[in-house]
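**Student:** File input_21.txt follows (compact mmCIF, C-alpha atoms):
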# COMPACT_ATOMS: atom_id res chain seq x y z
CA MET A 129 -7.91 69.78 49.12
CA THR A 130 -6.23 69.39 52.50
CA THR A 131 -2.55 68.53 52.11
CA ARG A 132 -0.28 67.63 55.01
CA LEU A 133 3.52 67.57 54.80
CA TYR A 134 5.71 65.61 57.19
CA GLU A 135 9.24 66.82 57.90
CA HIS A 136 11.82 66.46 60.69
CA GLN A 137 15.21 67.93 61.56
CA VAL A 138 16.72 64.44 61.84
CA PHE A 139 16.54 64.13 58.05
CA LEU A 140 19.33 66.72 57.90
CA ALA A 141 21.42 64.67 60.35
CA HIS A 142 21.74 61.66 58.02
CA HIS A 143 25.25 62.46 56.80
CA VAL A 144 27.00 61.10 53.72
CA PRO A 145 30.48 61.69 52.27
CA GLU A 146 31.34 65.01 50.68
CA GLY A 147 30.13 65.03 47.10
CA HIS A 148 27.53 62.29 47.60
CA PRO A 149 24.36 63.15 45.65
CA GLU A 150 21.89 62.08 48.38
CA ARG A 151 22.85 64.89 50.73
CA PRO A 152 21.06 67.02 53.35
CA ASP A 153 21.10 70.04 51.01
CA ARG A 154 18.32 68.34 49.04
CA LEU A 155 15.85 69.04 51.83
CA ARG A 156 17.25 72.49 52.48
CA ALA A 157 16.52 73.34 48.84
CA LEU A 158 12.98 72.00 49.12
CA ASN A 159 12.40 73.87 52.38
CA ALA A 160 13.52 77.10 50.73
CA ALA A 161 10.99 76.55 47.94
CA LEU A 162 8.24 75.94 50.51
CA GLU A 163 8.79 79.42 51.95
CA HIS A 164 6.89 80.85 48.97
CA PRO A 165 3.56 82.41 50.06
CA HIS A 166 1.47 79.97 48.02
CA PHE A 167 2.53 77.22 50.46
CA SER A 168 1.23 79.20 53.45
CA THR A 169 -1.78 76.91 53.89
CA LEU A 170 0.27 73.71 53.72
CA ASP A 171 -0.23 71.74 56.94
CA ARG A 172 3.38 71.12 57.97
CA GLN A 173 3.88 68.59 60.77
CA GLU A 174 6.84 66.94 62.46
CA ALA A 175 7.08 63.32 61.40
CA PRO A 176 6.90 60.76 64.20
CA VAL A 177 9.67 58.19 64.62
CA ALA A 178 8.40 54.72 63.76
CA ASN A 179 9.01 51.81 66.08
CA GLU A 180 11.69 49.45 64.79
CA ASP A 181 9.02 46.74 64.52
CA ALA A 182 7.39 48.73 61.71
CA VAL A 183 10.27 47.64 59.47
CA LEU A 184 9.04 44.05 59.84
CA LEU A 185 5.93 44.88 57.84
CA ALA A 186 8.05 44.59 54.68
CA HIS A 187 11.42 43.16 55.75
CA PRO A 188 12.60 40.12 57.72
CA GLU A 189 13.92 40.53 61.24
CA GLU A 190 17.46 39.70 60.18
CA HIS A 191 17.45 42.63 57.73
CA LEU A 192 16.43 45.01 60.51
CA PHE A 193 19.11 43.64 62.82
CA SER A 194 21.73 43.80 60.07
CA VAL A 195 21.00 47.48 59.43
CA MET A 196 21.04 48.23 63.16
CA ARG A 197 24.40 46.49 63.56
CA SER A 198 25.86 48.43 60.63
CA MET A 199 25.23 51.88 62.12
CA PRO A 200 28.42 53.71 63.19
CA GLU A 201 28.82 55.43 66.54
CA GLU A 202 30.67 58.31 64.87
CA GLY A 203 31.64 59.52 61.43
CA VAL A 204 30.32 58.17 58.13
CA LYS A 205 30.46 54.48 57.26
CA GLN A 206 29.99 52.80 53.89
CA ILE A 207 27.30 50.12 54.18
CA GLU A 208 27.28 48.97 50.55
CA ALA A 209 28.55 50.35 47.25
CA ASP A 210 26.34 53.46 47.21
CA THR A 211 24.87 53.58 50.71
CA HIS A 212 26.44 55.33 53.70
CA ALA A 213 25.38 55.79 57.30
CA SER A 214 26.13 58.14 60.17
CA PRO A 215 25.02 57.94 63.83
CA GLU A 216 21.57 59.47 63.13
CA SER A 217 20.86 57.53 59.92
CA LEU A 218 18.78 54.80 61.57
CA LYS A 219 16.59 57.39 63.27
CA ALA A 220 16.22 59.27 59.98
CA ALA A 221 15.13 56.12 58.16
CA LEU A 222 12.66 55.24 60.92
CA THR A 223 11.31 58.80 60.86
CA ALA A 224 10.73 58.62 57.10
CA ILE A 225 8.78 55.43 57.78
CA GLY A 226 6.94 57.12 60.64
CA GLY A 227 5.93 60.01 58.40
CA ALA A 228 4.64 57.66 55.70
CA MET A 229 2.67 55.58 58.22
CA ALA A 230 1.24 58.73 59.80
CA GLY A 231 0.25 59.87 56.31
CA VAL A 232 -1.65 56.62 55.82
CA ASP A 233 -3.41 57.20 59.16
CA ASP A 234 -4.26 60.78 58.19
CA VAL A 235 -5.92 59.97 54.88
CA PHE A 236 -7.94 57.11 56.35
CA ALA A 237 -9.00 59.22 59.34
CA GLY A 238 -9.99 62.12 57.10
CA LYS A 239 -7.40 64.47 58.61
CA ALA A 240 -5.99 65.14 55.13
CA ASP A 241 -6.90 64.31 51.55
CA ASN A 242 -3.29 63.68 50.68
CA VAL A 243 0.14 63.75 52.31
CA PHE A 244 3.71 64.40 51.17
CA VAL A 245 6.60 62.99 53.21
CA ALA A 246 9.70 65.18 52.78
CA GLY A 247 12.15 62.68 54.22
CA ARG A 248 15.44 60.98 53.54
CA PRO A 249 17.07 58.53 53.10
CA PRO A 250 14.96 57.28 50.19
CA GLY A 251 13.63 53.73 50.19
CA HIS A 252 12.57 52.27 46.85
CA HIS A 253 15.82 50.39 46.14
CA ALA A 254 15.72 48.49 49.46
CA GLU A 255 14.76 44.93 48.62
CA HIS A 256 13.16 42.38 50.95
CA ASP A 257 16.50 41.63 52.63
CA LYS A 258 19.01 43.99 51.02
CA VAL A 259 20.31 47.54 51.59
CA MET A 260 20.85 49.13 48.19
CA GLY A 261 21.12 52.41 46.31
CA PHE A 262 21.07 54.91 49.22
CA CYS A 263 18.16 52.96 50.81
CA PHE A 264 18.03 51.02 54.10
CA PHE A 265 14.31 50.20 54.34
CA ASN A 266 11.53 50.39 51.75
CA THR A 267 9.35 53.20 53.06
CA VAL A 268 6.50 52.91 50.54
CA ALA A 269 6.32 49.14 50.94
CA ILE A 270 6.01 49.53 54.71
CA ALA A 271 3.32 52.18 54.24
CA ALA A 272 1.41 49.87 51.89
CA ARG A 273 1.53 47.02 54.40
CA HIS A 274 0.44 49.40 57.18
CA ALA A 275 -2.62 50.38 55.13
CA GLN A 276 -3.48 46.75 54.56
CA LYS A 277 -2.91 45.62 58.13
CA THR A 278 -4.53 48.56 59.92
CA TYR A 279 -7.34 49.56 57.55
CA GLY A 280 -8.06 46.36 55.67
CA VAL A 281 -7.20 47.89 52.31
CA GLU A 282 -7.72 45.30 49.60
CA ARG A 283 -5.97 46.96 46.65
CA VAL A 284 -2.95 49.25 47.04
CA ALA A 285 -1.32 50.88 44.02
CA ILE A 286 2.21 52.26 44.08
CA VAL A 287 3.36 54.53 41.25
CA ASP A 288 7.10 55.23 41.04
CA PHE A 289 8.25 57.99 38.67
CA ASP A 290 11.81 58.17 39.98
CA VAL A 291 14.27 57.97 37.08
CA HIS A 292 15.76 54.81 38.62
CA HIS A 293 13.66 51.65 38.69
CA GLY A 294 12.16 50.81 42.09
CA ASN A 295 13.69 47.34 42.18
CA GLY A 296 13.15 46.99 45.91
CA THR A 297 9.42 47.67 45.73
CA GLN A 298 9.11 45.29 42.79
CA ASP A 299 11.01 42.61 44.72
CA ILE A 300 8.81 42.91 47.81
CA PHE A 301 5.49 42.76 45.92
CA TRP A 302 6.44 40.41 43.07
CA ASN A 303 4.18 37.61 44.36
CA ASP A 304 1.40 39.78 45.79
CA PRO A 305 -1.81 40.25 43.77
CA SER A 306 -3.11 42.85 46.25
CA VAL A 307 -0.46 45.46 45.35
CA LEU A 308 -0.03 47.00 41.91
CA PHE A 309 3.43 48.44 41.30
CA CYS A 310 3.92 50.74 38.29
CA SER A 311 7.22 52.37 37.37
CA THR A 312 8.55 54.74 34.73
CA HIS A 313 12.34 54.92 34.66
CA GLN A 314 15.34 55.28 32.38
CA MET A 315 16.69 52.05 30.94
CA PRO A 316 19.51 51.18 30.72
CA LEU A 317 20.44 52.72 34.07
CA TYR A 318 21.04 51.67 37.66
CA PRO A 319 19.90 49.24 39.05
CA GLY A 320 19.43 47.38 35.75
CA THR A 321 15.93 46.03 36.42
CA GLY A 322 12.54 47.19 35.14
CA ALA A 323 12.08 45.67 31.69
CA LYS A 324 8.56 45.52 30.27
CA ASP A 325 8.49 41.73 30.57
CA GLU A 326 9.01 41.90 34.35
CA THR A 327 5.32 41.58 35.26
CA GLY A 328 5.28 39.73 38.57
CA ALA A 329 3.60 36.46 39.47
CA HIS A 330 0.12 37.96 39.06
CA ASP A 331 0.68 40.59 36.36
CA THR A 332 0.62 43.33 39.00
CA ILE A 333 4.04 44.71 38.06
CA VAL A 334 3.88 47.30 35.25
CA ASN A 335 7.17 48.69 33.99
CA ALA A 336 7.36 51.47 31.41
CA PRO A 337 11.07 52.01 30.70
CA LEU A 338 12.23 55.16 28.92
CA SER A 339 15.24 55.42 26.62
CA PRO A 340 18.03 57.86 27.51
CA ASN A 341 17.29 61.41 26.34
CA SER A 342 13.54 60.86 26.41
CA ALA A 343 11.54 63.99 27.11
CA GLY A 344 8.13 64.85 28.51
CA ASP A 345 6.17 63.56 25.52
CA HIS A 346 7.71 60.09 25.92
CA PHE A 347 7.06 60.14 29.67
CA ARG A 348 3.43 61.16 29.21
CA GLU A 349 2.89 58.53 26.53
CA ALA A 350 4.33 55.84 28.83
CA MET A 351 1.96 56.93 31.55
CA LYS A 352 -1.04 57.12 29.20
CA SER A 353 -0.39 53.81 27.45
CA ARG A 354 0.78 51.60 30.32
CA VAL A 355 0.51 53.05 33.82
CA LEU A 356 -2.81 54.90 33.83
CA PRO A 357 -4.73 52.05 32.12
CA ALA A 358 -3.28 49.59 34.65
CA LEU A 359 -4.48 51.82 37.48
CA GLU A 360 -7.95 52.11 35.93
CA ASN A 361 -8.14 48.34 35.61
CA PHE A 362 -6.87 47.72 39.16
CA ARG A 363 -9.20 50.26 40.82
CA PRO A 364 -7.02 50.89 43.89
CA ASP A 365 -8.50 51.61 47.30
CA PHE A 366 -5.37 53.60 48.19
CA LEU A 367 -2.58 55.19 46.15
CA LEU A 368 1.08 55.65 47.10
CA ILE A 369 3.65 57.58 45.07
CA SER A 370 7.39 57.01 45.09
CA ALA A 371 8.08 60.61 44.14
CA GLY A 372 11.55 60.81 42.69
CA PHE A 373 12.41 63.99 40.80
CA ASP A 374 15.65 62.86 39.17
CA ALA A 375 14.00 62.54 35.75
CA HIS A 376 14.25 66.36 35.69
CA HIS A 377 16.45 67.57 32.82
CA ARG A 378 18.94 69.17 35.22
CA ASP A 379 19.62 66.01 37.22
CA PRO A 380 23.21 64.74 37.05
CA LEU A 381 22.50 61.03 37.55
CA ALA A 382 20.38 60.30 34.47
CA GLN A 383 19.47 61.47 30.97
CA ILE A 384 15.70 62.00 31.00
CA ASN A 385 14.58 65.53 30.13
CA LEU A 386 11.41 66.24 32.09
CA VAL A 387 10.42 69.77 33.10
CA GLY A 388 8.35 70.96 36.02
CA ASP A 389 5.09 70.82 34.06
CA ASP A 390 5.55 67.08 33.52
CA PHE A 391 5.59 66.44 37.27
CA ASP A 392 2.59 68.73 37.72
CA TRP A 393 0.74 66.81 35.00
CA ILE A 394 1.34 63.32 36.39
CA THR A 395 0.47 64.46 39.90
CA GLY A 396 -2.87 65.68 38.60
CA ARG A 397 -3.57 62.45 36.74
CA LEU A 398 -2.74 60.33 39.78
CA MET A 399 -4.98 62.53 41.91
CA GLU A 400 -7.78 61.83 39.44
CA ILE A 401 -7.28 58.09 39.97
CA ALA A 402 -7.26 58.56 43.76
CA GLY A 403 -10.43 60.64 43.55
CA LYS A 404 -12.19 58.13 41.32
CA TYR A 405 -11.40 54.95 43.24
CA ALA A 406 -9.75 55.73 46.58
CA GLY A 407 -11.72 58.57 48.16
CA ASN A 408 -8.79 60.91 47.33
CA ARG A 409 -6.54 58.90 49.68
CA LEU A 410 -3.00 59.47 48.39
CA VAL A 411 0.38 59.52 50.15
CA SER A 412 3.51 60.65 48.29
CA VAL A 413 6.99 59.86 49.59
CA LEU A 414 10.17 61.62 48.43
CA GLU A 415 12.68 59.36 46.70
CA GLY A 416 15.39 60.77 44.40
CA GLY A 417 16.17 64.15 42.87
CA TYR A 418 19.78 65.31 43.04
CA ASP A 419 20.01 68.65 41.29
CA LEU A 420 18.96 71.14 43.96
CA GLU A 421 17.26 73.58 41.59
CA GLY A 422 15.51 70.82 39.68
CA LEU A 423 14.36 69.15 42.88
CA ALA A 424 13.05 72.38 44.40
CA GLU A 425 11.13 73.25 41.22
CA SER A 426 9.62 69.84 40.49
CA ALA A 427 8.85 68.81 44.08
CA GLY A 428 7.39 72.27 44.69
CA LEU A 429 5.05 71.86 41.72
CA HIS A 430 4.14 68.35 42.87
CA ILE A 431 3.18 69.59 46.33
CA ALA A 432 1.36 72.63 44.91
CA ARG A 433 -0.76 70.35 42.72
CA LEU A 434 -1.54 68.12 45.70
CA MET A 435 -2.74 71.24 47.52
CA ARG A 436 -5.00 72.61 44.83
CA GLY A 437 -6.49 69.39 43.52
Show me the file's structure as structure tokens.

**Tutor:**
Amino acid sequence: MTTRLYEHQVFLAHHVPEGHPERPDRLRALNAALEHPHFSTLDRQEAPVANEDAVLLAHPEEHLFSVMRSMPEEGVKQIEADTHASPESLKAALTAIGGAMAGVDDVFAGKADNVFVAGRPPGHHAEHDKVMGFCFFNTVAIAARHAQKTYGVERVAIVDFDVHHGNGTQDIFWNDPSVLFCSTHQMPLYPGTGAKDETGAHDTIVNAPLSPNSAGDHFREAMKSRVLPALENFRPDFLLISAGFDAHHRDPLAQINLVGDDFDWITGRLMEIAGKYAGNRLVSVLEGGYDLEGLAESAGLHIARLMRG
């Protein structure tokens, strides 16, 4: 398998207040893990900066303008309850989008079988017209729309295994039968959405909530009983992953007890789906993961599995 990773120094320049969990050290920890020799063949590339118009693939113009107006010229500014911005935050968000869109281009051009975007800020809480939960723009939603618009993809599947429900992605695709959104997440937990009966207008929303203190066996059963069958039934032409690693047992923001092998396992199963229906075309985008050791371990295993197939 050919795996490409997109990264950029600007991701470290998106500053947040001292003690905020979504901090630049997250990527420093991942970069340290990627120095291991078994990542020597990973195709590491600088992510391009997306044009601001790319945001309009999934958000209205007023949302883009609102975010642009909210950016500070200096220091760190609170945008909403959990979301902060610094002078380079807009560029960082656009670069995460640029990496995801480039990843879509790569897998459809045959330049890579799969792609991981090691960017921040995350995106899956950003709703159609709302900044929320550390997220300005919904990166995976924009990537999905880019695949549809540029390559005529008929069926896109998005799998979100972040411990927090991807309310923004669900909101954007609620009425869209061409996009399947599947999520495992702790419930109850922020943002409060993601019940099993939230199925979308066309039954293309599949939520598999996990109770606090669930472990790997519960996670795997949720995937086997709800998510993987939905993917088999949908037969996606392209697969996107909202790869949050905050369901790791070390993470401070939730109470799900996954270990590295659980992330390795689900990565392999999703690669099987991509191989069966989508010509291996898979793009994974970093979302959460706030314990540095847990993030480095689980994201490292995720990327290693993408590399070896």

**Student:** Which is closest to Ala254 of chain A among A:Ala228, A:Ile300, A:Leu338, A:Leu398, if we use all atoms listed in the file?

**Tutor:**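 Distance minimum relative to Ala254 of chain A lands on A:Ile300.
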
**Student:** Find the spatial neighbours of Leu133 of chain A, counting all atoms listed in the file, within a cut-off of 7 Å - ignore same-chain residues fewer than 3 positions away - and output them as a list of chain:residue names.

**Tutor:**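 Contacts, in chain order: A:Asp171, A:Arg172, A:Gln173, A:Val243, A:Phe244, A:Val245, A:Ala246.
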
**Student:** To one decimal place in Å, what is the distance between atom CA of Gly226 of chain A and atom CA of Gly294 of chain A?

**Tutor:**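 It comes out at 20.3 Å.
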
**Student:** Dump as a PyMOL selection string all residues having an atom at most 9 Å from (-9.6, 71.1, 56.1), computed in the file's coordinates with all atoms listed in the file.

**Tutor:** chain A and resi 129-131+239-241

**Student:** If we count all atoms listed in the file, what is near Glu146 of chain A at a cut-off of 12 Å, once residues fewer than 4 positions away on the same chain are taken out, given as a ChimeraX atom specification?

**Tutor:** /A:150-153,204,212

**Student:** Using all atoms listed in the file, which of the listed residues (A:Val387, A:Leu222, A:Ile286, A:Met351) sits closest to Glu421 of chain A?

**Tutor:**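 Closest candidate: A:Val387.
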
**Student:** Name the residues, using the chain letters and numbers of the file, that sit within 10 Å of (0.5, 55.0, 50.3) when counting all atoms listed in the file, and give them as a PyMOL selection string.

**Tutor:** chain A and resi 228-229+231-233+235+242-244+267-275+284-287+366-370+409-413

**Student:** Could the residues in this selection be written to a file with C-alpha atoms, as a compact mmCIF listing (two decimals), in the coordinates of the input?

**Tutor:**
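Written out: selection_3.txt:
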# COMPACT_ATOMS: atom_id res chain seq x y z
CA ALA A 228 4.64 57.66 55.70
CA MET A 229 2.67 55.58 58.22
CA GLY A 231 0.25 59.87 56.31
CA VAL A 232 -1.65 56.62 55.82
CA ASP A 233 -3.41 57.20 59.16
CA VAL A 235 -5.92 59.97 54.88
CA ASN A 242 -3.29 63.68 50.68
CA VAL A 243 0.14 63.75 52.31
CA PHE A 244 3.71 64.40 51.17
CA THR A 267 9.35 53.20 53.06
CA VAL A 268 6.50 52.91 50.54
CA ALA A 269 6.32 49.14 50.94
CA ILE A 270 6.01 49.53 54.71
CA ALA A 271 3.32 52.18 54.24
CA ALA A 272 1.41 49.87 51.89
CA ARG A 273 1.53 47.02 54.40
CA HIS A 274 0.44 49.40 57.18
CA ALA A 275 -2.62 50.38 55.13
CA VAL A 284 -2.95 49.25 47.04
CA ALA A 285 -1.32 50.88 44.02
CA ILE A 286 2.21 52.26 44.08
CA VAL A 287 3.36 54.53 41.25
CA PHE A 366 -5.37 53.60 48.19
CA LEU A 367 -2.58 55.19 46.15
CA LEU A 368 1.08 55.65 47.10
CA ILE A 369 3.65 57.58 45.07
CA SER A 370 7.39 57.01 45.09
CA ARG A 409 -6.54 58.90 49.68
CA LEU A 410 -3.00 59.47 48.39
CA VAL A 411 0.38 59.52 50.15
CA SER A 412 3.51 60.65 48.29
CA VAL A 413 6.99 59.86 49.59

**Student:** Which of these, A:Ala432, A:Leu420, A:Ala220, A:Ala213, has the shortest distance to Met199 of chain A once you count all atoms listed in the file?

**Tutor:**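 Between A:Ala432, A:Leu420, A:Ala220, A:Ala213, the residue approaching Met199 of chain A most closely is A:Ala213.
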
**Student:** Can you measure atom CA of Ala186 of chain A to atom CA of Thr332 of chain A for me? One decimal in Å is fine.

**Tutor:** 17.4 Å

**Student:** Point out the residue among A:Gln314, A:Gln137, A:Thr223, A:Asn159 with the least atom-to-atom distance to Ala424 of chain A, counting all atoms listed in the file.

**Tutor:**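 For Ala424 of chain A, the nearest of the candidates is A:Asn159.
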
**Student:** Just give me the gap between atom CA of His142 of chain A and atom CA of His376 of chain A in Å, one decimal is fine.

**Tutor:**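 For atom CA of His142 of chain A relative to atom CA of His376 of chain A, the distance reads 24.0 Å.
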
**Student:** Compare A:Asp299, A:Ala237, A:Met399, A:Asp290 by their minimum atom-to-atom distance to Thr278 of chain A, counting all atoms listed in the file, and give me the closest one.

**Tutor:** A:Ala237

**Student:** May I ask which of the residues A:Ile333, A:Ile225, A:Ala209, A:Ile401 is the closest one to Pro319 of chain A, counting only C-alpha atoms?

**Tutor:**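 Counting only C-alpha atoms, the residue closest to Pro319 of chain A is A:Ala209.
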
**Student:** Fewer than 6 positions away in the same chain doesn't count, so skip those; otherwise give me all residues within 9 Å of Ala427 of chain A, counting only C-alpha atoms, as JSON, numbers by chain.

**Tutor:** {"A": [158, 161, 371, 372, 373, 388, 391, 392, 414, 417]}

**Student:** Using only C-alpha atoms, which protein or nucleic acid residues come within 9 Å of segment 192-194 of chain A? Drop anything in the same chain fewer than 5 positions from it, and give the result as number ranges by chain.

**Tutor:** A: 180-181, 183-184, 187, 257, 264-265

**Student:** Find the spatial neighbours of Arg197 of chain A, counting all atoms listed in the file, within a cut-off of 12 Å - ignore same-chain residues fewer than 6 positions away - and output them as a list in words.

**Tutor:**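 Within the cut-off, the hits are Glu190, His191, Lys205, Ile207, Ala213, Pro215 and Leu218 of chain A.
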